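Pasted below: structure04.pdb, PDB, C-alpha atoms.
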ATOM      1  CA  MET D   1      57.209 107.178  70.753
ATOM      2  CA  ALA D   2      54.957 109.951  69.449
ATOM      3  CA  MET D   3      51.953 108.755  67.469
ATOM      4  CA  ALA D   4      51.744 109.962  63.868
ATOM      5  CA  PRO D   5      48.790 112.300  63.373
ATOM      6  CA  ASP D   6      45.637 110.525  62.206
ATOM      7  CA  MET D   7      45.079 112.066  58.770
ATOM      8  CA  LEU D   8      41.626 110.521  58.387
ATOM      9  CA  PHE D   9      40.203 111.387  61.818
ATOM     10  CA  ASN D  10      37.737 114.037  60.586
ATOM     11  CA  LEU D  11      36.680 111.996  57.581
ATOM     12  CA  ARG D  12      35.992 108.924  59.731
ATOM     13  CA  ASN D  13      34.136 110.987  62.299
ATOM     14  CA  ASN D  14      31.873 112.545  59.685
ATOM     15  CA  PHE D  15      31.072 109.093  58.326
ATOM     16  CA  TYR D  16      30.378 107.536  61.737
ATOM     17  CA  LEU D  17      27.997 110.352  62.709
ATOM     18  CA  GLY D  18      26.108 110.354  59.418
ATOM     19  CA  ALA D  19      27.566 113.573  57.935
ATOM     20  CA  TYR D  20      28.031 111.776  54.622
ATOM     21  CA  GLN D  21      28.148 114.790  52.315
ATOM     22  CA  ALA D  22      30.695 116.458  54.601
ATOM     23  CA  ALA D  23      32.795 113.275  54.460
ATOM     24  CA  ILE D  24      32.717 113.372  50.647
ATOM     25  CA  ASN D  25      33.390 117.122  50.445
ATOM     26  CA  ASN D  26      36.387 116.980  52.801
ATOM     27  CA  SER D  27      37.999 113.829  51.472
ATOM     28  CA  ASP D  28      40.854 115.477  49.590
ATOM     29  CA  VAL D  29      43.490 114.761  52.239
ATOM     30  CA  PRO D  30      47.087 115.280  50.984
ATOM     31  CA  ASN D  31      50.115 113.032  51.549
ATOM     32  CA  LEU D  32      48.278 109.824  52.405
ATOM     33  CA  SER D  33      50.051 106.476  52.408
ATOM     34  CA  GLU D  34      48.715 103.900  49.969
ATOM     35  CA  GLU D  35      46.894 102.105  52.790
ATOM     36  CA  ASP D  36      45.305 105.331  54.058
ATOM     37  CA  ALA D  37      44.305 106.323  50.516
ATOM     38  CA  ILE D  38      42.429 103.021  50.149
ATOM     39  CA  GLU D  39      40.701 103.578  53.508
ATOM     40  CA  ARG D  40      39.813 107.136  52.422
ATOM     41  CA  ASP D  41      38.303 105.858  49.162
ATOM     42  CA  CYS D  42      36.327 103.211  51.054
ATOM     43  CA  LEU D  43      34.875 105.848  53.397
ATOM     44  CA  VAL D  44      33.965 108.111  50.480
ATOM     45  CA  TYR D  45      32.254 105.322  48.536
ATOM     46  CA  ARG D  46      30.463 104.100  51.679
ATOM     47  CA  SER D  47      29.252 107.685  52.161
ATOM     48  CA  TYR D  48      27.873 107.673  48.612
ATOM     49  CA  ILE D  49      26.149 104.357  49.391
ATOM     50  CA  ALA D  50      24.630 105.856  52.553
ATOM     51  CA  LEU D  51      23.266 108.695  50.384
ATOM     52  CA  GLY D  52      21.739 106.150  47.976
ATOM     53  CA  SER D  53      24.198 106.813  45.124
ATOM     54  CA  TYR D  54      24.771 103.107  44.459
ATOM     55  CA  GLN D  55      25.224 103.477  40.702
ATOM     56  CA  LEU D  56      28.100 105.935  41.107
ATOM     57  CA  VAL D  57      30.010 103.401  43.236
ATOM     58  CA  ILE D  58      29.207 100.532  40.862
ATOM     59  CA  ASN D  59      30.447 102.586  37.884
ATOM     60  CA  GLU D  60      33.621 103.979  39.473
ATOM     61  CA  VAL D  61      35.080 100.876  41.168
ATOM     62  CA  ASP D  62      36.512  98.720  38.408
ATOM     63  CA  SER D  63      37.904  95.196  38.514
ATOM     64  CA  SER D  64      41.480  96.417  39.070
ATOM     65  CA  ALA D  65      40.588  98.117  42.392
ATOM     66  CA  PRO D  66      41.966  96.643  45.643
ATOM     67  CA  THR D  67      39.920  94.133  47.699
ATOM     68  CA  PRO D  68      38.435  96.637  50.210
ATOM     69  CA  LEU D  69      36.999  98.741  47.366
ATOM     70  CA  GLN D  70      35.683  95.632  45.604
ATOM     71  CA  ALA D  71      33.911  94.733  48.859
ATOM     72  CA  VAL D  72      32.330  98.197  49.052
ATOM     73  CA  LYS D  73      31.173  97.787  45.447
ATOM     74  CA  LEU D  74      29.497  94.503  46.450
ATOM     75  CA  LEU D  75      27.539  96.379  49.125
ATOM     76  CA  ALA D  76      26.425  98.928  46.500
ATOM     77  CA  LEU D  77      25.310  96.111  44.171
ATOM     78  CA  TYR D  78      23.480  94.368  47.030
ATOM     79  CA  LEU D  79      21.550  97.502  47.995
ATOM     80  CA  PHE D  80      20.975  98.664  44.409
ATOM     81  CA  SER D  81      18.712  95.824  43.362
ATOM     82  CA  PRO D  82      17.208  92.668  44.902
ATOM     83  CA  ASP D  83      18.143  90.917  41.640
ATOM     84  CA  ASN D  84      21.822  91.198  42.622
ATOM     85  CA  LYS D  85      21.365  89.633  46.056
ATOM     86  CA  GLU D  86      22.203  85.995  45.235
ATOM     87  CA  ASN D  87      25.253  86.851  43.138
ATOM     88  CA  VAL D  88      26.594  89.264  45.752
ATOM     89  CA  ILE D  89      26.200  86.741  48.581
ATOM     90  CA  SER D  90      27.882  83.951  46.614
ATOM     91  CA  SER D  91      30.748  86.312  45.613
ATOM     92  CA  ILE D  92      31.303  87.506  49.165
ATOM     93  CA  LYS D  93      31.347  83.940  50.523
ATOM     94  CA  GLU D  94      33.825  82.939  47.834
ATOM     95  CA  TRP D  95      36.129  85.868  48.694
ATOM     96  CA  LEU D  96      35.877  85.202  52.423
ATOM     97  CA  GLY D  97      36.988  81.633  51.756
ATOM     98  CA  ASP D  98      40.077  82.805  49.863
ATOM     99  CA  ALA D  99      43.086  82.613  52.199
ATOM    100  CA  ALA D 100      44.795  85.552  50.451
ATOM    101  CA  ILE D 101      42.013  88.102  51.050
ATOM    102  CA  GLY D 102      39.451  86.428  53.338
ATOM    103  CA  ASN D 103      40.711  88.129  56.489
ATOM    104  CA  ASN D 104      40.594  91.671  55.079
ATOM    105  CA  PRO D 105      38.797  93.776  57.741
ATOM    106  CA  ILE D 106      36.735  95.808  55.242
ATOM    107  CA  LEU D 107      35.635  92.627  53.445
ATOM    108  CA  ARG D 108      34.602  91.138  56.804
ATOM    109  CA  LEU D 109      32.821  94.376  57.755
ATOM    110  CA  ILE D 110      30.857  94.467  54.487
ATOM    111  CA  ALA D 111      30.005  90.756  54.858
ATOM    112  CA  GLY D 112      28.729  91.419  58.374
ATOM    113  CA  THR D 113      26.676  94.374  57.124
ATOM    114  CA  ILE D 114      25.109  92.367  54.294
ATOM    115  CA  PHE D 115      24.229  89.366  56.500
ATOM    116  CA  MET D 116      22.823  91.735  59.118
ATOM    117  CA  HIS D 117      20.575  93.160  56.382
ATOM    118  CA  GLU D 118      19.570  89.581  55.622
ATOM    119  CA  GLN D 119      18.815  89.134  59.351
ATOM    120  CA  ASP D 120      21.173  86.150  59.291
ATOM    121  CA  TYR D 121      22.990  87.199  62.446
ATOM    122  CA  ASN D 122      24.893  83.954  63.035
ATOM    123  CA  GLU D 123      26.322  84.113  59.510
ATOM    124  CA  ALA D 124      27.293  87.767  60.072
ATOM    125  CA  LEU D 125      29.111  86.898  63.299
ATOM    126  CA  LYS D 126      31.141  84.199  61.553
ATOM    127  CA  TYR D 127      33.031  87.009  59.839
ATOM    128  CA  THR D 128      32.845  89.844  62.365
ATOM    129  CA  ASN D 129      33.156  88.138  65.739
ATOM    130  CA  ALA D 130      36.964  88.075  65.734
ATOM    131  CA  GLY D 131      36.871  91.903  65.659
ATOM    132  CA  GLY D 132      40.207  93.613  65.016
ATOM    133  CA  THR D 133      38.994  97.125  64.127
ATOM    134  CA  MET D 134      36.741  99.568  65.968
ATOM    135  CA  GLU D 135      34.168  99.318  63.186
ATOM    136  CA  LEU D 136      34.033  95.525  63.479
ATOM    137  CA  TYR D 137      33.607  95.702  67.252
ATOM    138  CA  ALA D 138      30.847  98.314  66.834
ATOM    139  CA  LEU D 139      29.105  96.126  64.246
ATOM    140  CA  ASN D 140      29.290  93.208  66.710
ATOM    141  CA  VAL D 141      27.561  95.370  69.334
ATOM    142  CA  LEU D 142      24.788  96.130  66.835
ATOM    143  CA  ILE D 143      24.393  92.491  65.787
ATOM    144  CA  PHE D 144      24.193  91.275  69.403
ATOM    145  CA  LEU D 145      21.593  93.951  70.192
ATOM    146  CA  LYS D 146      19.547  92.812  67.174
ATOM    147  CA  MET D 147      19.730  89.294  68.660
ATOM    148  CA  ASN D 148      18.566  90.682  72.049
ATOM    149  CA  ARG D 149      21.877  89.636  73.597
ATOM    150  CA  SER D 150      22.864  92.802  75.457
ATOM    151  CA  ASP D 151      25.199  90.670  77.613
ATOM    152  CA  TYR D 152      27.361  89.832  74.582
ATOM    153  CA  ALA D 153      27.041  93.411  73.291
ATOM    154  CA  GLU D 154      28.403  94.647  76.616
ATOM    155  CA  LYS D 155      31.459  92.358  76.328
ATOM    156  CA  GLN D 156      32.249  93.810  72.900
ATOM    157  CA  LEU D 157      31.775  97.317  74.236
ATOM    158  CA  ARG D 158      34.271  96.606  77.044
ATOM    159  CA  VAL D 159      36.876  95.673  74.414
ATOM    160  CA  MET D 160      36.206  98.987  72.640
ATOM    161  CA  GLN D 161      36.481 100.921  75.919
ATOM    162  CA  GLN D 162      39.853  99.309  76.646
ATOM    163  CA  ILE D 163      41.138 100.348  73.216
ATOM    164  CA  ASP D 164      39.787 103.926  73.226
ATOM    165  CA  GLU D 165      37.033 105.031  75.571
ATOM    166  CA  ASP D 166      36.600 108.408  73.834
ATOM    167  CA  HIS D 167      36.411 107.023  70.291
ATOM    168  CA  THR D 168      33.257 108.148  68.485
ATOM    169  CA  LEU D 169      32.277 104.523  67.807
ATOM    170  CA  THR D 170      32.799 103.584  71.481
ATOM    171  CA  GLN D 171      30.509 106.444  72.494
ATOM    172  CA  LEU D 172      27.917 105.490  69.845
ATOM    173  CA  ALA D 173      27.993 101.831  70.883
ATOM    174  CA  THR D 174      27.573 102.891  74.542
ATOM    175  CA  ALA D 175      24.478 104.888  73.564
ATOM    176  CA  TRP D 176      23.024 101.918  71.599
ATOM    177  CA  LEU D 177      23.567  99.598  74.552
ATOM    178  CA  ASN D 178      22.106 102.121  77.022
ATOM    179  CA  LEU D 179      19.001 102.424  74.828
ATOM    180  CA  ALA D 180      18.639  98.651  74.726
ATOM    181  CA  VAL D 181      19.043  98.296  78.504
ATOM    182  CA  GLY D 182      16.603 101.161  79.143
ATOM    183  CA  GLY D 183      15.582 102.608  82.498
ATOM    184  CA  SER D 184      18.034 105.115  83.945
ATOM    185  CA  LYS D 185      20.478 104.323  81.098
ATOM    186  CA  ILE D 186      18.286 106.265  78.626
ATOM    187  CA  GLN D 187      19.394 109.574  80.162
ATOM    188  CA  GLU D 188      23.040 108.530  79.726
ATOM    189  CA  ALA D 189      22.398 107.718  76.056
ATOM    190  CA  TYR D 190      20.717 111.118  75.605
ATOM    191  CA  LEU D 191      23.770 112.884  77.048
ATOM    192  CA  ILE D 192      26.053 111.087  74.573
ATOM    193  CA  PHE D 193      23.956 112.278  71.606
ATOM    194  CA  GLN D 194      23.763 115.752  73.186
ATOM    195  CA  ASP D 195      27.555 115.791  73.449
ATOM    196  CA  PHE D 196      27.875 114.827  69.763
ATOM    197  CA  SER D 197      25.477 117.604  68.759
ATOM    198  CA  GLU D 198      27.572 120.168  70.639
ATOM    199  CA  LYS D 199      30.955 118.967  69.350
ATOM    200  CA  PHE D 200      30.184 118.044  65.751
ATOM    201  CA  GLN D 201      27.843 118.777  62.885
ATOM    202  CA  MET D 202      24.195 118.066  63.754
ATOM    203  CA  THR D 203      23.106 115.129  61.595
ATOM    204  CA  SER D 204      19.953 113.053  61.117
ATOM    205  CA  LEU D 205      21.683 110.209  62.958
ATOM    206  CA  VAL D 206      22.388 112.348  66.044
ATOM    207  CA  LEU D 207      18.938 113.989  65.984
ATOM    208  CA  ASN D 208      17.265 110.585  65.744
ATOM    209  CA  GLY D 209      19.364 109.390  68.663
ATOM    210  CA  LYS D 210      18.181 112.320  70.787
ATOM    211  CA  ALA D 211      14.577 111.826  69.622
ATOM    212  CA  VAL D 212      14.497 108.107  70.468
ATOM    213  CA  CYS D 213      15.881 108.835  73.948
ATOM    214  CA  SER D 214      13.276 111.577  74.399
ATOM    215  CA  MET D 215      10.471 109.210  73.374
ATOM    216  CA  HIS D 216      11.649 106.556  75.818
ATOM    217  CA  MET D 217      11.643 109.233  78.531
ATOM    218  CA  GLY D 218       8.111 110.301  77.552
ATOM    219  CA  ASN D 219       9.145 113.688  76.096
ATOM    220  CA  PHE D 220       7.264 113.372  72.810
ATOM    221  CA  ASP D 221       7.004 117.097  72.003
ATOM    222  CA  GLU D 222      10.786 117.430  72.292
ATOM    223  CA  ALA D 223      11.250 114.273  70.208
ATOM    224  CA  GLU D 224       8.976 115.664  67.495
ATOM    225  CA  SER D 225      11.032 118.864  67.237
ATOM    226  CA  PHE D 226      14.276 116.853  66.841
ATOM    227  CA  LEU D 227      12.654 114.640  64.194
ATOM    228  CA  LEU D 228      11.259 117.553  62.167
ATOM    229  CA  GLU D 229      14.744 119.095  62.215
ATOM    230  CA  ALA D 230      16.152 115.759  60.993
ATOM    231  CA  LEU D 231      13.484 115.647  58.248
ATOM    232  CA  ASN D 232      14.678 119.071  57.053
ATOM    233  CA  LYS D 233      18.165 117.614  56.660
ATOM    234  CA  ASP D 234      17.025 114.479  54.819
ATOM    235  CA  ALA D 235      13.378 114.110  53.817
ATOM    236  CA  LYS D 236      13.846 110.472  52.781
ATOM    237  CA  ASP D 237      15.628 109.108  55.851
ATOM    238  CA  SER D 238      13.690 106.005  56.840
ATOM    239  CA  GLU D 239      14.593 106.123  60.548
ATOM    240  CA  THR D 240      13.396 109.722  60.809
ATOM    241  CA  LEU D 241      10.114 108.862  59.069
ATOM    242  CA  ALA D 242       9.560 105.727  61.171
ATOM    243  CA  ASN D 243      10.242 107.614  64.393
ATOM    244  CA  LEU D 244       7.868 110.392  63.275
ATOM    245  CA  VAL D 245       5.098 107.801  62.736
ATOM    246  CA  VAL D 246       5.562 106.525  66.301
ATOM    247  CA  CYS D 247       5.872 110.018  67.760
ATOM    248  CA  SER D 248       2.775 111.286  65.917
ATOM    249  CA  LEU D 249       0.746 108.282  67.086
ATOM    250  CA  HIS D 250       1.591 109.125  70.663
ATOM    251  CA  LEU D 251       0.838 112.834  70.271
ATOM    252  CA  GLY D 252      -2.512 112.004  68.639
ATOM    253  CA  LYS D 253      -1.403 113.677  65.402
ATOM    254  CA  PRO D 254      -1.970 112.269  61.907
ATOM    255  CA  SER D 255       0.842 109.901  60.926
ATOM    256  CA  ALA D 256      -0.427 108.627  57.548
ATOM    257  CA  ARG D 257       1.727 110.959  55.453
ATOM    258  CA  PHE D 258       4.925 109.924  57.233
ATOM    259  CA  LEU D 259       3.954 106.264  56.832
ATOM    260  CA  SER D 260       3.310 106.801  53.100
ATOM    261  CA  GLN D 261       6.721 108.448  52.714
ATOM    262  CA  LEU D 262       8.316 105.579  54.637
ATOM    263  CA  LYS D 263       6.695 103.017  52.314
ATOM    264  CA  LEU D 264       8.244 104.831  49.360
ATOM    265  CA  SER D 265      11.716 105.307  50.836
ATOM    266  CA  ASP D 266      12.049 101.932  52.595
ATOM    267  CA  PRO D 267       9.348  99.359  51.757
ATOM    268  CA  GLU D 268      11.236  96.745  53.808
ATOM    269  CA  HIS D 269      11.138  98.756  57.039
ATOM    270  CA  ILE D 270       9.745  96.869  60.026
ATOM    271  CA  LEU D 271       6.998  99.482  60.548
ATOM    272  CA  VAL D 272       5.816  99.051  56.956
ATOM    273  CA  LYS D 273       5.992  95.258  57.206
ATOM    274  CA  ARG D 274       3.916  95.263  60.366
ATOM    275  CA  GLY D 275       1.272  97.330  58.585
ATOM    276  CA  LEU D 276       1.162  99.733  61.470
ATOM    277  CA  THR D 277      -1.916 101.960  61.579
ATOM    278  CA  ALA D 278      -3.100 104.540  64.079
ATOM    279  CA  GLU D 279      -5.530 101.975  65.521
ATOM    280  CA  GLU D 280      -2.739  99.595  66.435
ATOM    281  CA  ASN D 281      -1.317  99.332  69.871
ATOM    282  CA  PHE D 282       1.180 102.126  70.526
ATOM    283  CA  ASP D 283       3.369  99.724  72.541
ATOM    284  CA  ARG D 284       4.008  97.718  69.394
ATOM    285  CA  ALA D 285       5.161 100.854  67.641
ATOM    286  CA  MET D 286       7.514 101.686  70.506
ATOM    287  CA  GLN D 287       9.145  98.248  70.138
ATOM    288  CA  THR D 288      10.523  99.374  66.773
ATOM    289  CA  VAL D 289      12.203 102.435  68.274
ATOM    290  CA  GLY D 290      15.905 102.376  69.161
TER     291      GLY D 290
END

Rewritten as structure tokens:
Amino acid sequence: MAMAPDMLFNLRNNFYLGAYQAAINNSDVPNLSEEDAIERDCLVYRSYIALGSYQLVINEVDSSAPTPLQAVKLLALYLFSPDNKENVISSIKEWLGDAAIGNNPILRLIAGTIFMHEQDYNEALKYTNAGGTMELYALNVLIFLKMNRSDYAEKQLRVMQQIDEDHTLTQLATAWLNLAVGGSKIQEAYLIFQDFSEKFQMTSLVLNGKAVCSMHMGNFDEAESFLLEALNKDAKDSETLANLVVCSLHLGKPSARFLSQLKLSDPEHILVKRGLTAEENFDRAMQTVG
């Protein structure tokens, strides 16, 4: 039986690779089923969240919206202000415990994302571990890597490869795992990001991927050029700024301005929390990369 065309393929791809504005701009897809329209709206609002437009999402998603959109609104509220944190977490736990909606994949994905932000990885896995969608499997890979359990991450990746080896998220998850494993795998990760940059729009996410691989391979001049290109695309991206701090330290260039910008854009970033200065051990800085 022929598969129906995937109407949201390009939109999903843009979102996965960090082309958030492109996802928003190209979201007017005609003739969507009700289910696809909800997924489309979720991707658009998650793109706005990724761009920091939390208030827009909070204002536009009202109480009559379906569960997946309500979940996305919770993520916007969570990221918008620390004052919302407790209420958001108690709401999400209440919804997850509701038999009628608790198994909704977007709700579980958002729960996993929020608890990962909280660094409560076991709580995150309670809701994501059963998988069921490519995004949930990819989130599991990320969570296991955060827990330094590349063995479990690899098991999740195998599930993704069995479903669709060429899927953008499968390729991304492969690159994350390769970076975590290190050694000769770094080159493989680099080639995945290189492939993305040739096939799709060059984004901060892809440029940072290439830069981190380059740094691990000792090519700091190349990494710096990727990172400065990423900075041109998004001057407030915390990963770009953090990677530029590390790269500048290694090249013996001043890093204070990038660190100051990072403090402003993401005061919770691990580099800021560690109070990294040029005098500190470079190896410690490299631990925060990738």

Contacts of Val57 of chain D within 8 Å, all atoms listed in the file, excl. fewer than 3 positions in-chain, as a PDB file with C-alpha atoms, in the coordinates of the input:
ATOM      1  CA  TYR D  45      32.254 105.322  48.536  1.00  0.00           C
ATOM      2  CA  TYR D  48      27.873 107.673  48.612  1.00  0.00           C
ATOM      3  CA  ILE D  49      26.149 104.357  49.391  1.00  0.00           C
ATOM      4  CA  SER D  53      24.198 106.813  45.124  1.00  0.00           C
ATOM      5  CA  TYR D  54      24.771 103.107  44.459  1.00  0.00           C
ATOM      6  CA  GLU D  60      33.621 103.979  39.473  1.00  0.00           C
ATOM      7  CA  VAL D  61      35.080 100.876  41.168  1.00  0.00           C
ATOM      8  CA  LYS D  73      31.173  97.787  45.447  1.00  0.00           C
ATOM      9  CA  ALA D  76      26.425  98.928  46.500  1.00  0.00           C
TER      10      ALA D  76
END

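Among the candidates D:Leu271, D:Ile92, D:Ala50, D:Leu8, the one nearest to Tyr20 of chain D when counting all atoms listed in the file is D:Ala50.
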
_Just checking: using all atoms listed in the file, which residue out of D:Leu205, D:Met217, D:Glu118, D:Val88 ends up closest to Asp234 of chain D?_
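The closest residue to Asp234 of chain D is D:Leu205.
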
*Do you know which residues are at most 12 Å from Lys93 of chain D counting only C-alpha atoms, after dropping those on the same chain fewer than 2 positions away, and could you put them as a ChimeraX atom specification?*
/D:71,74,86-91,95-99,101-103,107-108,110-112,114-115,123-124,126-127

*May I have the residues within 12 Å of segment 152-159 of chain D as an MDAnalysis selection string, using all atoms listed in the file and disregarding those fewer than 2 positions away in the same chain?*
chainID D and resid 125 128:150 161:165 167 169:178 180:181

Kindly assemble as CSV a list of the segment 6-91 of chain D residues that lie within 12 Å of segment 236-255 of chain D, each paired with its nearest atom pair and their distance in Å to one decimal, using all atoms listed in the file, sorted first by chain and then by ascending residue number.
residue,atom,partner,partner_atom,distance
D:Gly18,CA,D:Asp237,CA,11.1
D:Ala50,CA,D:Asp237,CA,10.1
D:Leu51,CA,D:Asp237,CA,9.4
D:Gly52,CA,D:Lys236,CA,10.2

*Hey, what's within 8 Å of Phe226 of chain D if we count only C-alpha atoms and toss same-chain stuff fewer than 6 positions away? As JSON, numbers by chain, please?*
{"D": [207, 208, 210, 211]}

*Between atom CA of Gly209 of chain D and atom CA of Lys233 of chain D, distance in Å (one decimal)*: 14.6 Å

_Between atom CA of Ser47 of chain D and atom CA of Pro30 of chain D, what is the distance in Å, rounded to a tenth?_
19.4 Å

Exercise: Met7 of chain D partners within 12 Å, all atoms listed in the file, chain neighbours under 2 positions left out, as a PDB file with C-alpha atoms, in the frame of the given file:
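Now in selection08.pdb:
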ATOM      1  CA  MET D   3      51.953 108.755  67.469  1.00  0.00           C
ATOM      2  CA  ALA D   4      51.744 109.962  63.868  1.00  0.00           C
ATOM      3  CA  PRO D   5      48.790 112.300  63.373  1.00  0.00           C
ATOM      4  CA  PHE D   9      40.203 111.387  61.818  1.00  0.00           C
ATOM      5  CA  ASN D  10      37.737 114.037  60.586  1.00  0.00           C
ATOM      6  CA  LEU D  11      36.680 111.996  57.581  1.00  0.00           C
ATOM      7  CA  ARG D  12      35.992 108.924  59.731  1.00  0.00           C
ATOM      8  CA  ASN D  13      34.136 110.987  62.299  1.00  0.00           C
ATOM      9  CA  ASN D  26      36.387 116.980  52.801  1.00  0.00           C
ATOM     10  CA  SER D  27      37.999 113.829  51.472  1.00  0.00           C
ATOM     11  CA  ASP D  28      40.854 115.477  49.590  1.00  0.00           C
ATOM     12  CA  VAL D  29      43.490 114.761  52.239  1.00  0.00           C
ATOM     13  CA  PRO D  30      47.087 115.280  50.984  1.00  0.00           C
ATOM     14  CA  ASN D  31      50.115 113.032  51.549  1.00  0.00           C
ATOM     15  CA  LEU D  32      48.278 109.824  52.405  1.00  0.00           C
ATOM     16  CA  SER D  33      50.051 106.476  52.408  1.00  0.00           C
ATOM     17  CA  GLU D  35      46.894 102.105  52.790  1.00  0.00           C
ATOM     18  CA  ASP D  36      45.305 105.331  54.058  1.00  0.00           C
ATOM     19  CA  ALA D  37      44.305 106.323  50.516  1.00  0.00           C
ATOM     20  CA  GLU D  39      40.701 103.578  53.508  1.00  0.00           C
ATOM     21  CA  ARG D  40      39.813 107.136  52.422  1.00  0.00           C
TER      22      ARG D  40
END

*One decimal, Å: what's the distance from atom CA of Thr113 of chain D over to atom CA of Ile270 of chain D, could you say?*
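Distance reported for this atom pair: 17.4 Å.
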
*Using only C-alpha atoms, find the one residue out of D:Arg46, D:Asp266, D:Thr67, D:Asp83 that sits nearest to Ala100 of chain D.*
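Checking each candidate against Ala100 of chain D, we get D:Thr67 as the closest.
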
As JSON, what would the box around segment 53-58 of chain D look like: edges along x, y and z, 6 Å added on every side, centre and edge lengths in Å to one decimal?
{"center_x": 27.1, "center_y": 103.7, "center_z": 42.9, "size_x": 17.8, "size_y": 18.3, "size_z": 16.4}
